[in-house]
Structures are given as C-alpha cells and as structure tokens.
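S.K.: Okay, so here is final29.txt, and as you'll see once you scroll down, it has compact mmCIF, C-alpha atoms.
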# COMPACT_ATOMS: atom_id res chain seq x y z
CA MET A 28 -17.14 21.16 -7.76
CA GLU A 29 -16.79 23.10 -4.51
CA ASP A 30 -14.13 25.81 -4.29
CA LEU A 31 -11.33 24.05 -2.39
CA PRO A 32 -9.35 27.21 -1.50
CA GLN A 33 -12.55 28.74 -0.09
CA ILE A 34 -13.23 25.58 1.94
CA ALA A 35 -9.64 25.57 3.24
CA SER A 36 -9.98 29.21 4.25
CA GLU A 37 -13.22 28.43 6.09
CA ILE A 38 -11.53 25.53 7.91
CA GLY A 39 -8.82 27.94 9.05
CA ARG A 40 -11.42 30.34 10.41
CA GLN A 41 -13.20 27.52 12.21
CA PHE A 42 -9.95 26.39 13.83
CA ALA A 43 -9.46 29.94 15.03
CA ARG A 44 -12.98 29.89 16.51
CA LEU A 45 -12.21 26.57 18.21
CA SER A 46 -8.98 27.95 19.68
CA ARG A 47 -10.80 30.98 21.08
CA SER A 48 -13.51 28.74 22.54
CA LEU A 49 -10.95 26.51 24.22
CA ALA A 50 -9.21 29.56 25.68
CA ARG A 51 -12.49 30.70 27.22
CA THR A 52 -13.41 27.26 28.58
CA GLU A 53 -11.08 27.62 31.58
CA GLY A 54 -11.69 24.15 32.98
CA ARG A 55 -15.46 24.11 32.43
CA TYR A 56 -15.18 21.31 29.83
CA GLU A 57 -15.94 17.88 31.30
CA PRO A 58 -13.81 15.32 29.45
CA PRO A 59 -14.80 11.66 29.21
CA SER A 60 -13.06 9.08 31.39
CA ARG A 61 -9.35 9.37 30.70
CA GLY A 62 -8.68 5.65 30.96
CA VAL A 63 -5.51 3.85 29.94
CA LEU A 64 -3.93 3.67 26.49
CA GLN A 65 -4.40 0.18 25.09
CA PRO A 66 -1.28 -1.87 24.35
CA PRO A 67 -0.49 -3.07 20.82
CA PHE A 68 -1.36 -6.38 19.21
CA GLY A 69 -4.82 -7.15 20.54
CA ASN A 70 -4.45 -10.81 19.55
CA LEU A 71 -1.76 -11.33 22.23
CA GLU A 72 -1.99 -11.27 25.97
CA MET A 73 -0.01 -8.26 27.20
CA SER A 74 2.02 -10.39 29.63
CA ASP A 75 3.13 -12.66 26.76
CA TRP A 76 4.04 -9.68 24.59
CA VAL A 77 6.14 -8.02 27.31
CA ARG A 78 7.90 -11.30 28.10
CA ALA A 79 8.55 -11.95 24.40
CA MET A 80 10.18 -8.53 24.04
CA HIS A 81 12.42 -9.18 27.05
CA LEU A 82 13.51 -12.59 25.77
CA TRP A 83 14.14 -11.31 22.25
CA ARG A 84 16.35 -8.47 23.43
CA GLU A 85 18.31 -10.82 25.68
CA HIS A 86 18.73 -13.80 23.34
CA GLY A 87 17.55 -12.99 19.82
CA ALA A 88 18.49 -9.47 18.79
CA VAL A 89 22.19 -10.33 18.50
CA LEU A 90 21.36 -12.85 15.77
CA ILE A 91 20.05 -10.19 13.36
CA ARG A 92 23.49 -8.84 12.45
CA ASP A 93 24.50 -12.17 10.84
CA GLN A 94 21.58 -12.24 8.39
CA PRO A 95 22.21 -11.83 4.63
CA ALA A 96 21.47 -8.45 3.04
CA ARG A 97 18.54 -7.81 0.70
CA GLY A 98 17.36 -4.98 -1.54
CA CYS A 99 14.15 -2.99 -1.53
CA PRO A 100 11.11 -5.32 -1.42
CA ALA A 101 9.17 -3.04 -3.76
CA CYS A 102 11.53 -1.84 -6.51
CA GLY A 103 14.58 -4.07 -5.92
CA LEU A 104 17.13 -1.27 -5.55
CA ARG A 105 19.81 -1.40 -2.85
CA ASP A 106 20.38 2.35 -2.63
CA HIS A 107 19.03 3.46 0.73
CA ARG A 108 19.60 5.66 3.77
CA PHE A 109 19.57 4.47 7.36
CA LEU A 110 16.55 5.57 9.43
CA PHE A 111 16.62 4.02 12.92
CA TYR A 112 16.60 0.86 15.00
CA SER A 113 13.11 -0.24 16.00
CA PHE A 114 12.26 -0.89 19.64
CA ASP A 115 12.95 -4.59 18.99
CA ALA A 116 16.43 -3.81 17.59
CA TYR A 117 15.84 -4.16 13.83
CA PRO A 118 17.55 -1.68 11.49
CA TYR A 119 15.19 0.19 9.16
CA VAL A 120 16.22 2.01 5.99
CA ASP A 121 14.46 4.24 3.47
CA CYS A 122 14.66 3.16 -0.19
CA LEU A 123 15.93 6.10 -2.24
CA GLY A 124 14.17 4.71 -5.29
CA CYS A 125 10.56 4.35 -4.09
CA GLY A 126 10.33 5.46 -0.44
CA THR A 127 9.64 2.04 1.07
CA TRP A 128 10.90 1.61 4.62
CA TYR A 129 12.30 -1.86 5.22
CA VAL A 130 14.72 -4.05 7.15
CA PRO A 131 17.67 -4.56 4.74
CA LEU A 132 18.32 -8.09 6.00
CA ILE A 133 16.62 -11.43 5.40
CA VAL A 134 14.40 -12.29 8.38
CA ASP A 135 13.19 -15.87 7.98
CA ASP A 136 12.21 -19.07 9.76
CA ARG A 137 15.85 -20.16 10.04
CA LEU A 138 16.63 -17.10 12.12
CA PHE A 139 13.82 -17.90 14.53
CA GLU A 140 14.69 -21.58 14.72
CA ARG A 141 18.16 -20.55 15.88
CA TYR A 142 16.55 -18.23 18.40
CA TYR A 143 14.09 -20.85 19.69
CA ASP A 144 16.94 -23.32 20.12
CA LEU A 145 18.69 -20.73 22.31
CA CYS A 146 15.48 -19.80 24.14
CA PRO A 147 12.81 -22.56 24.37
CA GLU A 148 10.54 -20.24 26.39
CA ALA A 149 10.21 -18.01 23.33
CA ARG A 150 8.97 -21.00 21.31
CA GLU A 151 6.30 -21.62 23.93
CA ILE A 152 5.08 -18.04 23.61
CA MET A 153 4.96 -18.34 19.83
CA GLU A 154 2.85 -21.51 20.10
CA ARG A 155 0.46 -19.78 22.51
CA LEU A 156 -0.03 -17.09 19.90
CA ALA A 157 -1.86 -19.51 17.60
CA GLU A 158 -4.14 -20.54 20.46
CA GLN A 159 -4.90 -16.93 21.40
CA ARG A 160 -5.91 -16.19 17.82
CA LEU A 161 -8.71 -18.72 18.30
CA ASP A 162 -10.05 -16.80 21.33
CA GLU A 163 -13.67 -16.24 20.33
CA PRO A 164 -14.02 -12.47 20.95
CA LYS A 165 -10.79 -11.83 19.03
CA ALA A 166 -11.80 -14.24 16.28
CA ASP A 167 -15.20 -12.55 15.92
CA ALA A 168 -13.54 -9.15 15.51
CA ASP A 169 -11.30 -10.61 12.81
CA ARG A 170 -14.24 -12.20 11.00
CA THR A 171 -16.18 -8.92 11.07
CA ARG A 172 -13.26 -7.12 9.45
CA LEU A 173 -12.85 -9.80 6.79
CA SER A 174 -16.57 -9.91 6.06
CA ALA A 175 -16.42 -6.20 5.24
CA TYR A 176 -13.61 -6.92 2.76
CA PHE A 177 -15.73 -9.50 0.95
CA SER A 178 -18.70 -7.12 0.90
CA GLU A 179 -16.53 -4.63 -0.98
CA LEU A 180 -15.18 -7.19 -3.43
CA GLU A 181 -18.33 -9.12 -4.31
CA PRO A 182 -19.84 -6.38 -6.53
CA LEU A 183 -16.60 -6.38 -8.54
CA LEU A 184 -16.59 -10.11 -9.35
CA PRO A 185 -19.17 -12.32 -11.08
CA PRO A 186 -20.51 -15.28 -9.04
CA GLU A 187 -18.56 -17.80 -11.13
CA SER A 188 -15.29 -16.10 -10.09
CA ARG A 189 -15.89 -16.41 -6.36
CA ASP A 190 -13.08 -18.78 -5.53
CA VAL A 191 -10.39 -17.34 -3.30
CA LEU A 192 -6.82 -18.21 -2.38
CA ASP A 193 -5.86 -16.39 0.81
CA VAL A 194 -2.08 -16.18 1.17
CA GLY A 195 -0.95 -15.81 4.76
CA CYS A 196 -4.34 -16.98 5.98
CA GLY A 197 -3.29 -17.67 9.57
CA VAL A 198 -5.74 -19.87 11.44
CA GLY A 199 -8.27 -19.43 8.64
CA HIS A 200 -10.81 -16.82 9.72
CA SER A 201 -10.87 -15.48 6.15
CA LEU A 202 -11.69 -18.96 4.84
CA GLU A 203 -14.57 -19.33 7.31
CA VAL A 204 -15.99 -15.97 6.25
CA ALA A 205 -15.60 -16.78 2.56
CA ALA A 206 -17.34 -20.15 2.93
CA SER A 207 -20.21 -18.56 4.88
CA ARG A 208 -20.78 -16.20 1.94
CA GLY A 209 -20.78 -18.94 -0.67
CA TRP A 210 -17.18 -18.69 -1.84
CA ARG A 211 -14.89 -21.63 -2.55
CA ALA A 212 -11.89 -21.00 -0.32
CA CYS A 213 -8.44 -22.32 0.48
CA GLY A 214 -5.44 -20.75 2.11
CA VAL A 215 -1.66 -20.85 2.40
CA ASP A 216 0.43 -20.24 5.51
CA SER A 217 4.03 -21.03 6.44
CA SER A 218 3.54 -21.75 10.16
CA PRO A 219 3.06 -25.48 10.89
CA SER A 220 1.35 -24.79 14.23
CA ILE A 221 -1.09 -22.34 12.65
CA ILE A 222 -1.79 -24.72 9.76
CA ARG A 223 -2.59 -27.50 12.22
CA ALA A 224 -4.93 -25.22 14.17
CA GLY A 225 -6.86 -24.38 11.00
CA GLN A 226 -6.94 -27.92 9.63
CA LYS A 227 -8.41 -29.18 12.91
CA ARG A 228 -11.44 -27.02 12.07
CA GLY A 229 -11.80 -28.61 8.64
CA LEU A 230 -10.27 -25.76 6.64
CA LYS A 231 -8.17 -26.20 3.50
CA ILE A 232 -4.84 -24.68 4.50
CA PHE A 233 -1.65 -25.61 2.69
CA HIS A 234 2.04 -25.02 3.31
CA PRO A 235 3.76 -23.06 0.48
CA ASP A 236 5.68 -26.22 -0.48
CA GLU A 237 2.47 -28.24 -0.91
CA HIS A 238 0.45 -28.60 -4.09
CA LEU A 239 -2.84 -26.66 -4.14
CA ASP A 240 -6.07 -28.44 -5.04
CA ARG A 241 -6.92 -25.72 -7.60
CA ASN A 242 -4.83 -23.85 -10.17
CA GLU A 243 -7.07 -20.87 -10.98
CA PHE A 244 -8.72 -18.30 -8.72
CA GLY A 245 -10.99 -15.32 -9.16
CA LEU A 246 -9.51 -13.67 -6.08
CA ILE A 247 -6.08 -13.91 -4.50
CA SER A 248 -5.96 -12.08 -1.18
CA LEU A 249 -2.99 -11.08 0.92
CA TRP A 250 -4.52 -9.53 4.02
CA GLU A 251 -1.59 -7.98 5.90
CA THR A 252 0.87 -10.48 4.46
CA LEU A 253 3.37 -8.70 2.18
CA GLU A 254 4.90 -6.81 5.10
CA HIS A 255 6.13 -10.18 6.44
CA ILE A 256 7.70 -11.44 3.20
CA ASN A 257 11.41 -11.20 2.38
CA ASP A 258 10.84 -11.28 -1.38
CA PRO A 259 7.34 -9.98 -2.27
CA PHE A 260 8.29 -9.82 -5.96
CA LYS A 261 8.94 -13.58 -6.11
CA LEU A 262 5.79 -14.39 -4.16
CA LEU A 263 3.58 -12.27 -6.42
CA SER A 264 5.32 -13.61 -9.53
CA ASP A 265 4.37 -17.13 -8.43
CA LEU A 266 0.77 -16.12 -7.66
CA VAL A 267 -0.14 -14.12 -10.79
CA PRO A 268 -0.29 -17.23 -13.05
CA LEU A 269 -2.95 -18.64 -10.70
CA LEU A 270 -5.19 -15.60 -11.22
CA ARG A 271 -7.97 -15.64 -13.79
CA ASP A 272 -7.66 -13.07 -16.54
CA ASP A 273 -10.52 -11.05 -15.06
CA GLY A 274 -9.63 -11.89 -11.45
CA LEU A 275 -8.52 -9.57 -8.67
CA VAL A 276 -5.64 -9.40 -6.21
CA ALA A 277 -6.56 -7.74 -2.90
CA ILE A 278 -3.82 -6.52 -0.56
CA THR A 279 -3.68 -4.76 2.78
CA VAL A 280 -0.39 -3.62 4.30
CA PRO A 281 0.80 -1.20 6.98
CA ASN A 282 1.15 2.27 5.48
CA VAL A 283 4.48 4.05 5.82
CA LEU A 284 2.68 7.37 5.18
CA ALA A 285 0.42 6.88 8.20
CA ILE A 286 0.37 9.96 10.42
CA GLU A 287 1.68 8.08 13.46
CA ALA A 288 4.46 6.40 11.45
CA ARG A 289 5.82 9.75 10.30
CA ILE A 290 5.74 11.15 13.85
CA MET A 291 6.54 8.21 16.16
CA ARG A 292 8.85 6.24 13.86
CA GLN A 293 10.91 3.77 15.95
CA ASP A 294 8.61 4.30 18.94
CA LEU A 295 5.53 3.05 17.06
CA SER A 296 4.36 -0.38 18.16
CA TRP A 297 3.64 -1.68 14.66
CA ILE A 298 7.07 -0.77 13.30
CA ASN A 299 8.88 -3.91 14.41
CA GLY A 300 10.71 -6.78 12.78
CA GLY A 301 9.42 -9.48 15.11
CA ALA A 302 10.23 -11.19 18.39
CA PHE A 303 8.26 -14.41 17.69
CA GLY A 304 8.29 -14.62 13.90
CA THR A 305 8.81 -12.24 10.99
CA VAL A 306 6.58 -9.20 11.45
CA HIS A 307 6.70 -5.82 9.65
CA ILE A 308 9.97 -5.90 7.76
CA ASN A 309 8.40 -4.03 4.78
CA LEU A 310 6.45 -0.76 5.09
CA PHE A 311 4.90 0.28 1.77
CA GLN A 312 2.94 3.26 0.46
CA LYS A 313 0.64 3.52 -2.55
CA SER A 314 3.36 4.55 -5.01
CA SER A 315 5.77 1.79 -3.95
CA LEU A 316 2.98 -0.81 -4.17
CA GLU A 317 2.26 0.44 -7.70
CA ARG A 318 5.89 -0.18 -8.64
CA LEU A 319 5.93 -3.64 -7.08
CA LEU A 320 2.66 -4.71 -8.71
CA ALA A 321 3.65 -3.29 -12.10
CA ARG A 322 6.79 -5.47 -12.00
CA VAL A 323 4.57 -8.59 -11.95
CA GLY A 324 2.04 -7.34 -14.53
CA LEU A 325 -0.69 -6.04 -12.19
CA ASP A 326 -2.48 -2.68 -12.37
CA ILE A 327 -4.12 -1.07 -9.34
CA VAL A 328 -7.83 -0.44 -9.88
CA GLY A 329 -8.78 0.60 -6.37
CA VAL A 330 -7.05 2.03 -3.32
CA ASP A 331 -8.29 2.99 0.14
CA GLY A 332 -7.11 3.70 3.66
CA GLU A 333 -8.21 1.76 6.71
CA TYR A 334 -8.41 2.35 10.46
CA GLY A 335 -8.21 5.75 12.02
CA PHE A 336 -5.11 6.70 13.91
CA ASN A 337 -5.28 6.66 17.71
CA SER A 338 -5.46 10.41 18.32
CA TYR A 339 -5.19 10.01 22.11
CA GLU A 340 -2.04 7.91 21.88
CA LEU A 341 -0.51 10.23 19.29
CA ALA A 342 -1.29 13.35 21.33
CA SER A 343 0.03 11.74 24.53
CA TYR A 344 3.26 10.80 22.75
CA PHE A 345 3.59 14.19 21.08
CA LEU A 346 3.12 15.98 24.42
CA GLY A 347 5.62 13.75 26.24
CA GLY A 348 3.05 11.65 28.10
CA HIS A 349 4.54 8.30 27.07
CA ARG A 350 7.31 6.75 24.99
CA GLY A 351 5.21 4.63 22.66
CA ALA A 352 6.26 1.01 22.21
CA TRP A 353 9.18 1.41 24.58
CA ASP A 354 6.75 1.87 27.47
CA TYR A 355 4.48 -0.98 26.31
CA ALA A 356 7.45 -3.34 25.99
CA ARG A 357 8.44 -2.63 29.59
CA GLY A 358 4.89 -3.38 30.75
CA VAL A 359 4.29 0.25 31.77
CA ARG A 360 0.64 1.16 32.36
CA VAL A 361 0.25 4.27 30.19
CA GLU A 362 -2.33 6.65 31.60
CA GLN A 363 -4.24 8.87 29.19
CA ASN A 364 -3.41 12.07 31.10
CA LEU A 365 -4.05 14.72 28.46
CA PRO A 366 -4.90 18.34 29.27
CA GLU A 367 -8.61 19.11 29.20
CA ASP A 368 -8.31 21.51 26.27
CA THR A 369 -6.44 18.84 24.29
CA LEU A 370 -9.13 16.24 25.03
CA CYS A 371 -11.81 18.74 24.06
CA PHE A 372 -10.04 19.44 20.76
CA LEU A 373 -9.57 15.74 19.96
CA ASN A 374 -13.20 14.88 20.74
CA TRP A 375 -14.53 17.68 18.55
CA VAL A 376 -12.15 17.45 15.63
CA GLY A 377 -10.69 13.93 15.76
CA PRO A 378 -13.55 12.11 13.95
CA ALA A 379 -13.29 14.43 10.94
CA TRP A 380 -9.51 14.04 10.91
CA ILE A 381 -9.91 10.27 10.68
CA VAL A 382 -12.10 10.58 7.58
CA LEU A 383 -9.66 13.07 6.07
CA ALA A 384 -6.75 10.69 6.75
CA ARG A 385 -8.65 8.00 4.83
CA GLN A 386 -9.25 10.40 1.96
CA LEU A 387 -5.55 11.31 1.81
CA LEU A 388 -4.32 7.73 2.38
CA LEU A 389 -2.60 8.61 5.67
CA THR A 390 -4.21 5.76 7.62
CA PRO A 391 -2.33 2.93 9.41
CA ILE A 392 -3.41 0.41 6.75
CA ILE A 393 -3.54 0.88 3.00
CA LYS A 394 -5.67 -1.42 0.85
CA VAL A 395 -5.27 -1.95 -2.90
CA ILE A 396 -7.20 -3.94 -5.49
CA ALA A 397 -5.29 -4.96 -8.62
CA THR A 398 -5.83 -7.02 -11.76
CA LYS A 399 -3.85 -8.35 -14.70
CA SER A 400 -6.74 -7.75 -17.09
CA ARG A 401 -6.15 -5.45 -20.06
CA ASP A 402 -9.87 -5.13 -20.87
CA ALA A 403 -10.39 -1.34 -20.86
CA ASP A 404 -14.11 -1.60 -20.18
CA LEU A 405 -13.58 -3.97 -17.24
CA LEU A 406 -10.86 -1.76 -15.76
CA ALA A 407 -13.05 1.34 -16.05
CA ARG A 408 -16.02 -0.44 -14.47
CA ILE A 409 -14.01 -1.69 -11.50
CA ARG A 410 -12.28 1.65 -10.93
CA SER A 411 -15.55 3.56 -11.14
CA GLY A 412 -17.46 1.16 -8.89
CA TYR A 413 -14.75 1.01 -6.23
CA SER A 414 -14.19 4.76 -6.21
CA ARG A 415 -17.92 5.50 -5.96
CA ALA A 416 -18.42 3.07 -3.08
CA ARG A 417 -15.44 4.58 -1.23
CA ARG A 418 -16.75 8.12 -1.71
CA ASP A 419 -20.25 7.19 -0.56
CA GLU A 420 -18.86 5.53 2.59
CA MET A 421 -16.86 8.61 3.55
CA LEU A 422 -19.77 10.99 2.92
CA ALA A 423 -22.06 8.77 4.98
CA GLU A 424 -19.54 8.76 7.82
CA LEU A 425 -19.25 12.55 7.73
CA ASP A 426 -23.06 12.85 7.75
CA ARG A 427 -23.14 10.57 10.79
CA ILE A 428 -20.52 12.60 12.64
CA TYR A 429 -21.82 16.01 11.59
CA PRO A 430 -25.50 15.60 10.62
CA PRO A 431 -26.55 17.80 7.70
CA GLY A 432 -28.57 20.90 8.47
CA GLN A 433 -26.80 21.78 11.72
CA ASN A 434 -25.74 25.29 10.76
CA ASP A 435 -23.59 24.06 7.88
CA GLU A 436 -23.72 27.38 6.09
CA GLN A 437 -22.64 29.37 9.15
CA SER A 438 -20.17 27.00 10.78
CA GLY A 439 -18.64 25.21 7.80
CA SER A 440 -18.83 22.02 9.89
CA ARG A 441 -19.02 19.80 6.80
CA ALA A 442 -16.12 21.47 5.06
Please express what this file holds, its structure, as structure tokens.
M.R.:
Amino acid sequence: MEDLPQIASEIGRQFARLSRSLARTEGRYEPPSRGVLQPPFGNLEMSDWVRAMHLWREHGAVLIRDQPARGCPACGLRDHRFLFYSFDAYPYVDCLGCGTWYVPLIVDDRLFERYYDLCPEAREIMERLAEQRLDEPKADADRTRLSAYFSELEPLLPPESRDVLDVGCGVGHSLEVAASRGWRACGVDSSPSIIRAGQKRGLKIFHPDEHLDRNEFGLISLWETLEHINDPFKLLSDLVPLLRDDGLVAITVPNVLAIEARIMRQDLSWINGGAFGTVHINLFQKSSLERLLARVGLDIVGVDGEYGFNSYELASYFLGGHRGAWDYARGVRVEQNLPEDTLCFLNWVGPAWIVLARQLLLTPIIKVIATKSRDADLLARIRSGYSRARRDEMLAELDRIYPPGQNDEQSGSRA
C-alpha cells in the first residue's frame, strides 16, 4: 500500500507549485468560454420552474405550518436542532441521533391538493411536468443513467433473479431500460398523471394502493425516491417481504454530506421541500441509511457516490458571484464571471477533486446496494465484486484525466 502521509505531503507541495504558477500567469491564461450557470432541474422548463416558485411562495408556503409533525425519517428520533428555511420556505432540521437533515412536518398529496385548489395555475404546471419528462432528449439522458445502474447490478444477480420492482418509477424510463436488457419489470408511483403517461406506453405501473401482479422480486429499486417519502421505514418494511432471500435493494438519494450541501445549505437548488409535489424532505448520508436499512433487516453490501459537484457554480457562490437557488428562482441569468486564476485552478484540479469526492462519498448523490441475505459467502462475493468494480472505475477515470507516464514521479500528478 502506498504511504498516504507521503502522498498527502506531495499533494501539498504540488498545490504550492500551482499557486506559484498562477501568481506568475498574470493574465496570460486563456480561459474557456465563461458561459452561463445552468439552472436546476433539467427536466423542467426554466420559465415553468420560476413561475412555480412564485406561485408557491404566494399561495402555498403558508400551508406548511399547519402540517402534522414527524420524527427523523432514518432513525425515528424527534430530538433535533433547527437549521434553516429553504428557498421555498420549508423548515429543515438536523437529527441529533443520526445526522439526517429533514423537514419535520408531513408533506403529502393532501397538502398539495389544498394548494392546487387555491391556485389552479400551479396544478397546470405540475401536469406539464409529466409531459416534459417525456421530452426525448431528457428521456434519453435518463435512460442512459439508468442503463448504467443495471450494468452495475447485473453481475451481482443470477439471470433467474432479474425481475425488478421500481418504486417511484415516474413515467417508466427505468422499466423501458430493464425490458430492453431482458428483465421482467413493473413499477409503482403515486402520481395519477404520471401513471397514465407510463401506461399509455404499455408499461406496468401501479398505484401503491393497487395489487401488484407479482409477489417476489430479485431487485427492488428506489432511484431517488426515499427523499420524497414521509415514512421511509414503513415503505421499506412493506417492500422487504417482496424481496427474494438473495435479492438486492438498490437506492439512490441526495447526499447531505455533499460538498455543495455543506457550503450552500439553504441556497442550494436541490435542498427544497417542493412547490409542485413533495421533493427533498429527507437528506440522508451513508451512516443514516445504514441505520434505516438495519431497522428493516437489510445490510448494505455496496456504496458509491455519484455525479461530480458543479465546481464553477460552487466557486461563483463562494466568491459572491451569485446567490444560488434564490437567483434561479427569480429568473436571474447567472453569468459565470470567475477570475481567470480561479478558472485556471478549477480546470486543472477540478476533475481530480470530483474523483476524490466520489471516493470520500461527498458527491451530490449517494448510492447503496443492500440485501436481507445472511449467507456469508454471498455477502462477501457481492461486497468484493462491487468494491472492485468501483475501484477500477475510479482508477480508469484518473488514468483518463491524467494519463500514466506523464512525469508521475516528478509531479505527483496521480497522487
């Protein structure tokens, strides 16, 4: 094993070299096109998103205060400290038991039905959301992401276990991908308009109150679902009996330990309770997910981070160039006006930071694979296979960014 203190020392020296080089550049560095920071939620038209924020603040935010209280979605405790109000007016607290950030109130369909009755225009925007999710370029991007998930999972499951229940399946892109790869797939979603959109394309999508056409699955997936659920413990408790003994549960959720979450907090676009349906009312981390899954009899056998942080947005926010979600919600065009030395630094170092954030689980999304199996050999095989694949991916990415043989010994560029 490499000497980690020596590597850390070399990284420090290289940062010092970089700082000296930037000081000597004196405007000679030619940065790429500065461009404009992209708004959040790529599956929504920006005009709809801005309008939805305006309507919610005017008609909906006042309804939150009347909602019933709830405890921590991960460990169940009610002992917490107040953190902040999000840009869409939801209170967020920090669980003193497990570190989960969450909205300590029930945010459900009844709340939004009251809101839509007060503001019919907001209902129209919500219904357009389902249609925009079917926009082909956006749908293709979603399918590509989901296909990568199945590529990771297939080596961990035998062919006879390739039947999947996707909970929170939306319009069904995951089901299309699964079917194209030979899986037997069905999904569950709570939105009637989204269910109709998926069923029109011949997909098996059920409402939670409906009876499924199968009662045993090799894979139960919750791709960015648990952050929307008021009682994840109850949901998972209902799902575990449907899982085969050697089956897997795959989960992705926003990560409360993400670099931008710790810095931007209430100004971060993905920390929001929802202006057109329940959004991110639960923000987990690895340790709090472990506690939640252990409560329902599941053990984590694989964990990874996904998506690199937006270094340009974070630097612009940190240097006072924009106000995060507050600017987006007002429809402000946020220019990427960073100093040349900052752009130079981000372009040189940013790619390696993104890989390091994945290694340390500081990415915007955290992904876990869990099972209820108690077969020691099976658990060891899955853990080993998943960990090895993750390591190989990160090393390959570092080799792509910093090709081997380019003065590694002198520069420490692969440290």
S.K.: Pick from A:Tyr413, A:Tyr176, A:Phe111, A:Tyr142: nearest to Ile327 (chain A), with all atoms listed in the file counted?
M.R.: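 Using all atoms listed in the file, Ile327 (chain A) sits closest to A:Tyr413.
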S.K.: Of the candidates A:Cys102, A:Val359, A:Leu269, A:Leu365, which shows the shortest atom-to-atom distance to Ala321 (chain A), using all atoms listed in the file?
M.R.: A:Cys102
S.K.: Between A:Asp404, A:Glu203, A:Glu362, A:Glu243, which one has atoms that come closest to Gln226 (chain A), using only C-alpha atoms?
M.R.: A:Glu203
S.K.: Find the residues around region 376-381 of chain A up to 7 Å (only C-alpha atoms counted), leave out those fewer than 3 positions away in its own chain, and share them as number ranges by chain.
M.R.: A: 335-336, 338, 372-373, 384-385
S.K.: Just checking: using all atoms listed in the file, which residue out of A:Ala407, A:Cys125, A:Ile256, A:Val330 ends up closest to Glu179 (chain A)?
M.R.: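 Of A:Ala407, A:Cys125, A:Ile256, A:Val330, the one nearest Glu179 (chain A), counting all atoms listed in the file, is A:Val330.
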S.K.: What separation in Å, quoted to one decimal, exists between CA of Leu270 (chain A) and CA of Leu239 (chain A)?
M.R.: 13.3 Å
S.K.: Provide the CA of Ser414 (chain A) to CA of Pro186 (chain A) distance in Å, to one decimal place.
M.R.: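 So the two atoms, CA of Ser414 (chain A) and CA of Pro186 (chain A), lie 21.2 Å apart.
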S.K.: Which one is closest to Pro100 (chain A): A:Ala212, A:Leu262, A:Ala175, A:Leu275? Count all atoms listed in the file.
M.R.: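 Nearest candidate to Pro100 (chain A) out of A:Ala212, A:Leu262, A:Ala175, A:Leu275: A:Leu262.
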S.K.: Check the smallest atom-to-atom distance from each of A:Ser188, A:Gln94, A:Gln293, A:Asn242 to Ile133 (chain A) using only C-alpha atoms, then report the winner.
M.R.: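 So, comparing all the options, the nearest one is A:Gln94.
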S.K.: CA of Ala277 (chain A) to CA of Ala397 (chain A): how many Å, to one decimal?
M.R.: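 According to the coordinates, CA of Ala277 (chain A) and CA of Ala397 (chain A) are separated by 6.5 Å.
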S.K.: Scan for residues within 8 Å of the point (-10.8, -11.5, -3.9) in the coordinates of the file, using only C-alpha atoms, and reply as JSON, numbers by chain.
M.R.: {"A": [177, 180, 181, 189, 190, 191, 192, 245, 246, 247, 248, 274, 275, 276, 277]}
S.K.: Those residues with C-alpha atoms, as a PDB file, in the frame of the given file please?
M.R.:
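This went into part05.pdb:
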ATOM      1  CA  PHE A 177     -15.730  -9.500   0.950  1.00  0.00           C
ATOM      2  CA  LEU A 180     -15.180  -7.190  -3.430  1.00  0.00           C
ATOM      3  CA  GLU A 181     -18.330  -9.120  -4.310  1.00  0.00           C
ATOM      4  CA  ARG A 189     -15.890 -16.410  -6.360  1.00  0.00           C
ATOM      5  CA  ASP A 190     -13.080 -18.780  -5.530  1.00  0.00           C
ATOM      6  CA  VAL A 191     -10.390 -17.340  -3.300  1.00  0.00           C
ATOM      7  CA  LEU A 192      -6.820 -18.210  -2.380  1.00  0.00           C
ATOM      8  CA  GLY A 245     -10.990 -15.320  -9.160  1.00  0.00           C
ATOM      9  CA  LEU A 246      -9.510 -13.670  -6.080  1.00  0.00           C
ATOM     10  CA  ILE A 247      -6.080 -13.910  -4.500  1.00  0.00           C
ATOM     11  CA  SER A 248      -5.960 -12.080  -1.180  1.00  0.00           C
ATOM     12  CA  GLY A 274      -9.630 -11.890 -11.450  1.00  0.00           C
ATOM     13  CA  LEU A 275      -8.520  -9.570  -8.670  1.00  0.00           C
ATOM     14  CA  VAL A 276      -5.640  -9.400  -6.210  1.00  0.00           C
ATOM     15  CA  ALA A 277      -6.560  -7.740  -2.900  1.00  0.00           C
TER      16      ALA A 277
END
S.K.: Which neighbours of Asp294 (chain A) fall inside 6 Å, counting only C-alpha atoms, when residues of the same chain fewer than 3 positions from it are skipped, and could you give them as a PyMOL selection string?
M.R.: chain A and resi 291+351-352
